[in-house]
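Asker: Got data-v8.pdb for you, PDB, C-alpha atoms:
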ATOM      1  CA  MET N   1      28.604 140.068  80.144
ATOM      2  CA  PRO N   2      31.789 140.449  82.247
ATOM      3  CA  VAL N   3      34.175 137.607  82.893
ATOM      4  CA  ALA N   4      35.423 137.414  86.464
ATOM      5  CA  LEU N   5      38.776 136.011  87.525
ATOM      6  CA  GLU N   6      39.349 135.831  91.263
ATOM      7  CA  ALA N   7      42.904 135.781  92.588
ATOM      8  CA  GLY N   8      43.543 133.489  95.525
ATOM      9  CA  GLY N   9      45.494 134.228  98.688
ATOM     10  CA  LYS N  10      44.859 136.527 101.649
ATOM     11  CA  HIS N  11      44.388 139.662  99.591
ATOM     12  CA  ALA N  12      41.957 138.344  97.003
ATOM     13  CA  GLU N  13      41.111 140.683  94.164
ATOM     14  CA  LEU N  14      38.383 140.578  91.577
ATOM     15  CA  LEU N  15      39.355 141.530  88.071
ATOM     16  CA  GLN N  16      36.428 142.418  85.833
ATOM     17  CA  LEU N  17      37.053 142.136  82.098
ATOM     18  CA  GLU N  18      34.342 143.947  80.187
ATOM     19  CA  ALA N  19      32.772 142.565  77.025
ATOM     20  CA  CYS N  20      35.388 144.415  74.953
ATOM     21  CA  PRO N  21      38.502 144.234  77.169
ATOM     22  CA  ARG N  22      41.007 146.054  74.939
ATOM     23  CA  LYS N  23      41.663 148.894  77.418
ATOM     24  CA  VAL N  24      42.141 146.558  80.379
ATOM     25  CA  LEU N  25      44.369 144.223  78.394
ATOM     26  CA  LYS N  26      46.442 147.133  77.081
ATOM     27  CA  ASN N  27      47.029 148.384  80.622
ATOM     28  CA  PHE N  28      48.202 144.962  81.751
ATOM     29  CA  SER N  29      50.640 144.548  78.880
ATOM     30  CA  SER N  30      52.020 148.103  78.871
ATOM     31  CA  ASN N  31      52.011 149.059  82.554
ATOM     32  CA  ARG N  32      52.645 145.757  84.277
ATOM     33  CA  GLY N  33      54.457 143.840  81.573
ATOM     34  CA  MET N  34      54.332 140.151  80.757
ATOM     35  CA  PRO N  35      55.715 138.056  83.635
ATOM     36  CA  GLU N  36      57.410 135.729  81.198
ATOM     37  CA  LYS N  37      56.698 134.412  77.748
ATOM     38  CA  ILE N  38      53.434 132.508  77.853
ATOM     39  CA  ARG N  39      53.250 129.197  76.042
ATOM     40  CA  ILE N  40      50.276 128.497  73.797
ATOM     41  CA  LEU N  41      49.520 125.141  72.178
ATOM     42  CA  VAL N  42      47.262 125.091  69.123
ATOM     43  CA  ALA N  43      46.148 121.478  68.698
ATOM     44  CA  TYR N  44      43.957 120.509  65.767
ATOM     45  CA  ASP N  45      42.519 117.670  63.757
ATOM     46  CA  SER N  46      41.934 118.118  60.042
ATOM     47  CA  ASN N  47      40.774 115.859  57.227
ATOM     48  CA  THR N  48      40.511 118.310  54.338
ATOM     49  CA  GLY N  49      42.933 120.997  55.476
ATOM     50  CA  ASN N  50      40.192 123.458  56.450
ATOM     51  CA  THR N  51      40.681 123.152  60.211
ATOM     52  CA  GLU N  52      44.437 123.253  59.671
ATOM     53  CA  LYS N  53      44.138 126.649  57.940
ATOM     54  CA  MET N  54      42.085 127.861  60.892
ATOM     55  CA  ALA N  55      44.710 126.575  63.319
ATOM     56  CA  GLU N  56      47.432 128.485  61.502
ATOM     57  CA  ALA N  57      45.396 131.688  61.779
ATOM     58  CA  VAL N  58      44.783 131.124  65.515
ATOM     59  CA  ALA N  59      48.525 130.632  65.993
ATOM     60  CA  GLU N  60      49.202 133.825  64.029
ATOM     61  CA  GLY N  61      46.917 135.811  66.330
ATOM     62  CA  ALA N  62      48.505 134.396  69.480
ATOM     63  CA  ARG N  63      52.002 135.221  68.225
ATOM     64  CA  LYS N  64      50.854 138.749  67.409
ATOM     65  CA  ALA N  65      49.878 139.128  71.075
ATOM     66  CA  GLY N  66      53.355 138.046  72.175
ATOM     67  CA  ALA N  67      52.904 134.363  72.968
ATOM     68  CA  GLN N  68      55.281 131.521  72.225
ATOM     69  CA  VAL N  69      53.142 129.250  70.070
ATOM     70  CA  THR N  70      53.405 125.573  69.171
ATOM     71  CA  LEU N  71      51.188 124.191  66.404
ATOM     72  CA  LYS N  72      50.529 120.437  66.488
ATOM     73  CA  LYS N  73      48.212 117.894  64.963
ATOM     74  CA  VAL N  74      46.179 116.285  67.710
ATOM     75  CA  SER N  75      47.747 112.889  67.023
ATOM     76  CA  GLU N  76      51.106 114.399  68.047
ATOM     77  CA  VAL N  77      49.878 115.895  71.327
ATOM     78  CA  SER N  78      50.832 114.177  74.578
ATOM     79  CA  ALA N  79      49.922 114.699  78.213
ATOM     80  CA  LYS N  80      53.320 116.361  78.606
ATOM     81  CA  ASP N  81      52.273 119.004  76.082
ATOM     82  CA  LEU N  82      49.150 119.696  78.128
ATOM     83  CA  LEU N  83      51.176 120.146  81.306
ATOM     84  CA  GLU N  84      53.915 122.299  79.783
ATOM     85  CA  ASN N  85      51.723 124.940  78.120
ATOM     86  CA  ASP N  86      49.725 127.768  79.679
ATOM     87  CA  GLY N  87      46.962 128.257  77.106
ATOM     88  CA  PHE N  88      45.304 126.068  74.492
ATOM     89  CA  ALA N  89      43.303 126.364  71.310
ATOM     90  CA  PHE N  90      41.677 123.089  70.269
ATOM     91  CA  GLY N  91      40.326 122.817  66.743
ATOM     92  CA  THR N  92      38.232 120.069  65.202
ATOM     93  CA  PRO N  93      36.213 119.243  62.128
ATOM     94  CA  THR N  94      32.560 118.689  62.998
ATOM     95  CA  HIS N  95      31.696 114.983  62.953
ATOM     96  CA  CYS N  96      28.046 114.137  63.634
ATOM     97  CA  GLY N  97      27.669 117.386  65.536
ATOM     98  CA  THR N  98      30.623 116.894  67.864
ATOM     99  CA  MET N  99      34.429 116.764  67.927
ATOM    100  CA  SER N 100      36.287 114.214  65.834
ATOM    101  CA  ILE N 101      37.242 110.829  67.273
ATOM    102  CA  ARG N 102      40.943 111.747  67.198
ATOM    103  CA  MET N 103      40.271 114.897  69.209
ATOM    104  CA  ASN N 104      38.073 112.928  71.596
ATOM    105  CA  GLU N 105      40.902 110.454  72.163
ATOM    106  CA  LEU N 106      43.132 113.291  73.332
ATOM    107  CA  PHE N 107      40.773 114.049  76.209
ATOM    108  CA  THR N 108      39.689 110.486  76.986
ATOM    109  CA  LYS N 109      42.938 108.599  76.415
ATOM    110  CA  ASN N 110      46.200 110.285  75.405
ATOM    111  CA  GLY N 111      45.854 113.323  77.640
ATOM    112  CA  MET N 112      44.429 111.562  80.694
ATOM    113  CA  PRO N 113      47.689 111.679  82.724
ATOM    114  CA  ALA N 114      47.203 115.478  82.772
ATOM    115  CA  TRP N 115      43.620 115.273  84.031
ATOM    116  CA  GLY N 116      43.206 117.140  87.308
ATOM    117  CA  LYS N 117      46.536 118.932  86.829
ATOM    118  CA  MET N 118      45.390 121.677  84.452
ATOM    119  CA  ARG N 119      43.591 123.978  86.859
ATOM    120  CA  GLY N 120      44.065 127.599  85.820
ATOM    121  CA  LYS N 121      45.109 126.864  82.257
ATOM    122  CA  VAL N 122      43.090 128.749  79.635
ATOM    123  CA  GLY N 123      41.435 127.277  76.565
ATOM    124  CA  VAL N 124      39.375 128.126  73.493
ATOM    125  CA  ALA N 125      37.781 126.128  70.677
ATOM    126  CA  PHE N 126      37.347 126.396  66.920
ATOM    127  CA  SER N 127      35.700 124.141  64.354
ATOM    128  CA  SER N 128      34.921 123.659  60.686
ATOM    129  CA  SER N 129      31.979 121.883  59.086
ATOM    130  CA  GLY N 130      30.817 120.781  55.666
ATOM    131  CA  GLY N 131      27.821 123.106  55.480
ATOM    132  CA  LEU N 132      25.448 125.479  57.235
ATOM    133  CA  GLY N 133      23.696 123.744  60.103
ATOM    134  CA  GLY N 134      26.535 121.234  60.286
ATOM    135  CA  GLY N 135      26.986 121.695  64.027
ATOM    136  CA  ASN N 136      30.005 124.002  64.362
ATOM    137  CA  GLU N 137      28.971 125.572  67.652
ATOM    138  CA  ILE N 138      27.976 122.201  69.100
ATOM    139  CA  ALA N 139      31.411 120.858  68.190
ATOM    140  CA  CYS N 140      32.987 123.868  69.909
ATOM    141  CA  LEU N 141      30.837 123.264  72.985
ATOM    142  CA  SER N 142      31.931 119.619  73.091
ATOM    143  CA  LEU N 143      35.530 120.845  73.265
ATOM    144  CA  ILE N 144      34.629 123.421  75.899
ATOM    145  CA  LEU N 145      32.931 120.760  78.035
ATOM    146  CA  SER N 146      36.067 118.623  77.851
ATOM    147  CA  MET N 147      38.230 121.566  78.881
ATOM    148  CA  LEU N 148      35.943 122.252  81.826
ATOM    149  CA  ASN N 149      36.201 118.595  82.824
ATOM    150  CA  TYR N 150      39.979 119.011  82.919
ATOM    151  CA  GLY N 151      39.612 122.050  85.204
ATOM    152  CA  MET N 152      40.514 124.651  82.610
ATOM    153  CA  LEU N 153      39.249 128.219  82.277
ATOM    154  CA  VAL N 154      37.254 129.139  79.170
ATOM    155  CA  PHE N 155      35.802 132.411  77.912
ATOM    156  CA  GLY N 156      33.613 133.813  75.156
ATOM    157  CA  VAL N 157      34.422 136.487  72.587
ATOM    158  CA  PRO N 158      31.514 138.885  71.915
ATOM    159  CA  ASP N 159      33.336 140.846  69.197
ATOM    160  CA  TYR N 160      32.170 140.907  65.580
ATOM    161  CA  VAL N 161      34.933 140.688  62.983
ATOM    162  CA  ALA N 162      32.504 141.521  60.152
ATOM    163  CA  PRO N 163      28.753 142.143  59.839
ATOM    164  CA  GLY N 164      27.045 138.978  61.080
ATOM    165  CA  VAL N 165      30.339 137.201  61.840
ATOM    166  CA  THR N 166      31.300 136.616  65.468
ATOM    167  CA  LEU N 167      32.957 133.991  67.646
ATOM    168  CA  HIS N 168      30.920 133.864  70.845
ATOM    169  CA  TYR N 169      31.665 130.184  71.498
ATOM    170  CA  GLY N 170      34.716 129.868  69.265
ATOM    171  CA  ALA N 171      35.730 130.556  65.687
ATOM    172  CA  VAL N 172      33.837 128.597  63.029
ATOM    173  CA  SER N 173      34.043 128.003  59.310
ATOM    174  CA  VAL N 174      31.733 126.388  56.803
ATOM    175  CA  GLY N 175      33.967 124.605  54.335
ATOM    176  CA  LYS N 176      37.220 126.328  53.359
ATOM    177  CA  PRO N 177      37.713 129.279  55.708
ATOM    178  CA  ASN N 178      37.247 132.634  53.999
ATOM    179  CA  GLU N 179      38.969 135.818  55.120
ATOM    180  CA  GLU N 180      36.246 136.620  57.648
ATOM    181  CA  ALA N 181      36.599 133.191  59.273
ATOM    182  CA  LEU N 182      40.383 133.549  59.335
ATOM    183  CA  LYS N 183      40.036 136.994  60.898
ATOM    184  CA  ALA N 184      37.884 135.417  63.628
ATOM    185  CA  CYS N 185      40.574 132.781  64.176
ATOM    186  CA  ARG N 186      43.290 135.409  64.505
ATOM    187  CA  LEU N 187      41.208 137.315  67.037
ATOM    188  CA  LEU N 188      40.584 134.089  68.958
ATOM    189  CA  GLY N 189      44.321 133.466  69.186
ATOM    190  CA  GLU N 190      44.990 137.029  70.195
ATOM    191  CA  ARG N 191      42.386 136.949  72.957
ATOM    192  CA  LEU N 192      43.681 133.576  74.167
ATOM    193  CA  ALA N 193      47.184 134.977  74.561
ATOM    194  CA  GLU N 194      45.895 138.101  76.305
ATOM    195  CA  TYR N 195      43.708 136.262  78.805
ATOM    196  CA  THR N 196      46.368 133.630  79.467
ATOM    197  CA  SER N 197      48.857 136.407  80.165
ATOM    198  CA  ILE N 198      46.452 138.017  82.650
ATOM    199  CA  VAL N 199      45.915 134.757  84.515
ATOM    200  CA  LYS N 200      49.620 134.016  84.662
ATOM    201  CA  LYS N 201      50.526 137.588  85.570
ATOM    202  CA  ARG N 202      48.091 137.660  88.455
ATOM    203  CA  HIS N 203      49.313 134.282  89.709
ATOM    204  CA  VAL N 204      45.762 133.079  90.155
ATOM    205  CA  LYS N 205      45.540 130.255  92.686
ATOM    206  CA  LEU N 206      42.710 127.913  91.772
TER     207      LEU N 206
END
Using structure tokens, write down the structure from this file.

Answerer:
Amino acid sequence: MPVALEAGGKHAELLQLEACPRKVLKNFSSNRGMPEKIRILVAYDSNTGNTEKMAEAVAEGARKAGAQVTLKKVSEVSAKDLLENDGFAFGTPTHCGTMSIRMNELFTKNGMPAWGKMRGKVGVAFSSSGGLGGGNEIACLSLILSMLNYGMLVFGVPDYVAPGVTLHYGAVSVGKPNEEALKACRLLGERLAEYTSIVKKRHVKL
């Protein structure tokens, strides 16, 4: 299913990114060039180190795509960080089927001065859980809902990184992330950088 980004202004254009946007993204990066280095913040909470490993892989993917990446624990993230960066990857352990309390506090307390000022910024989610059926996707959706509340743009990734392993709603891991989960995280970071670059390049007015 295509994702549509509409540029504002008198001469509005509609850019259609197909389910596998590699060709479109390649044209933007090679023919038009990056307008300037995009800034990506990977913010995560982690109790056991599993989500932290995922965060590192997301950051690796974003750097591979040419972004300037900052990796921070969620307790270190301020509203200033939210305002200064262009794209975001939020990662959380799954607690009772939703994001952790520390991650929740970012959106409901620490980051509130940035609320309403993040229109056009791009975000993705990733999560870890203790077992199958632990609520990974629901935790990702709770992050996505918070990003939408802040006015951010979100997108899905239909790609499969291995048989039966995808990241439609975000990258997920059950327990310690294996290589397939880490590959999904790298792809998530790469796509985040690519989409953020497109939005910034096109100077979308939202």

Asker: Pick from N:Val74, N:Asn47, N:Ala171, N:Asn178: nearest to Asn104 of chain N, with only C-alpha atoms counted?

Answerer: N:Val74

Asker: Using all atoms listed in the file, can you tell me which of N:Arg102, N:Lys183, N:Arg39, N:His168 comes closest to Ala67 of chain N?

Answerer: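 Going through N:Arg102, N:Lys183, N:Arg39, N:His168 one by one, the smallest distance to Ala67 of chain N is for N:Arg39.
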
Asker: Please, what distance in Å, to one decimal, runs between atom CA of Phe107 of chain N and atom CA of Ala62 of chain N?

Answerer: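 Interatomic distance, atom CA of Phe107 of chain N to atom CA of Ala62 of chain N: 22.8 Å.
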
Asker: Quick one, how far is atom CA of Glu36 of chain N from atom CA of Val124 of chain N?

Answerer: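 Taking atom CA of Glu36 of chain N and atom CA of Val124 of chain N, their separation equals 21.0 Å.
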
Asker: To test your reading of the syntax: which residues would the PyMOL selection byres ((chain N and resi 180) around 10) return for the file shown? Reply as number ranges by chain.

Answerer: N: 160-163, 165-166, 172-173, 177-179, 181-186

Asker: Under the PyMOL selection byres ((chain N and resi 89) around 9), which residues of this model are included? Write them out as a PyMOL selection string.

Answerer: chain N and resi 40-44+55+58-59+87-88+90-91+122-126+188-189+192

Asker: For each of N:Leu167, N:Ala139, N:Ile144, N:Val77, take the minimum atom-to-atom distance to Cys96 of chain N, counting only C-alpha atoms, then give the residue where this is smallest.

Answerer: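 That would be N:Ala139, the residue with the smallest distance to Cys96 of chain N.
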
Asker: In Å to one decimal, how far is atom CA of Asp81 of chain N from atom CA of Leu153 of chain N?

Answerer: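 About the pair atom CA of Leu153 of chain N and atom CA of Asp81 of chain N: they are 17.1 Å apart.
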
Asker: Expand the PyMOL selection byres ((chain N and resi 110) around 10) into the explicit residue set it covers here, and present it as JSON, numbers by chain.

Answerer: {"N": [74, 75, 76, 77, 78, 79, 80, 102, 103, 104, 105, 106, 107, 108, 109, 111, 112, 113, 114]}

Asker: Residues within 10 Å of Asn50 of chain N, please, as a tab-separated table (two decimals) with C-alpha atoms, keeping the file's coordinate frame. Count all atoms listed in the file; anything in the same chain fewer than 3 positions from it doesn't count.

Answerer:
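Result file is out.tsv:
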chain	number	residue	atom	x	y	z
N	45	ASP	CA	42.52	117.67	63.76
N	46	SER	CA	41.93	118.12	60.04
N	47	ASN	CA	40.77	115.86	57.23
N	53	LYS	CA	44.14	126.65	57.94
N	54	MET	CA	42.08	127.86	60.89
N	55	ALA	CA	44.71	126.58	63.32
N	92	THR	CA	38.23	120.07	65.20
N	93	PRO	CA	36.21	119.24	62.13
N	127	SER	CA	35.70	124.14	64.35
N	128	SER	CA	34.92	123.66	60.69
N	129	SER	CA	31.98	121.88	59.09
N	130	GLY	CA	30.82	120.78	55.67
N	173	SER	CA	34.04	128.00	59.31
N	174	VAL	CA	31.73	126.39	56.80
N	175	GLY	CA	33.97	124.60	54.34
N	176	LYS	CA	37.22	126.33	53.36
N	177	PRO	CA	37.71	129.28	55.71
N	178	ASN	CA	37.25	132.63	54.00

Asker: Between N:Lys37, N:Arg63, N:Lys73, N:Lys200, which one has atoms that come closest to Gly49 of chain N, using all atoms listed in the file?

Answerer: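 Ranked by minimum distance to Gly49 of chain N, first place goes to N:Lys73.
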
Asker: Kindly indicate which residue among N:Arg191, N:Gly156, N:Gly134, N:Ser146 lies nearest to Gly66 of chain N, using all atoms listed in the file for the distances.

Answerer: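 The answer is N:Arg191, which sits nearest to Gly66 of chain N.
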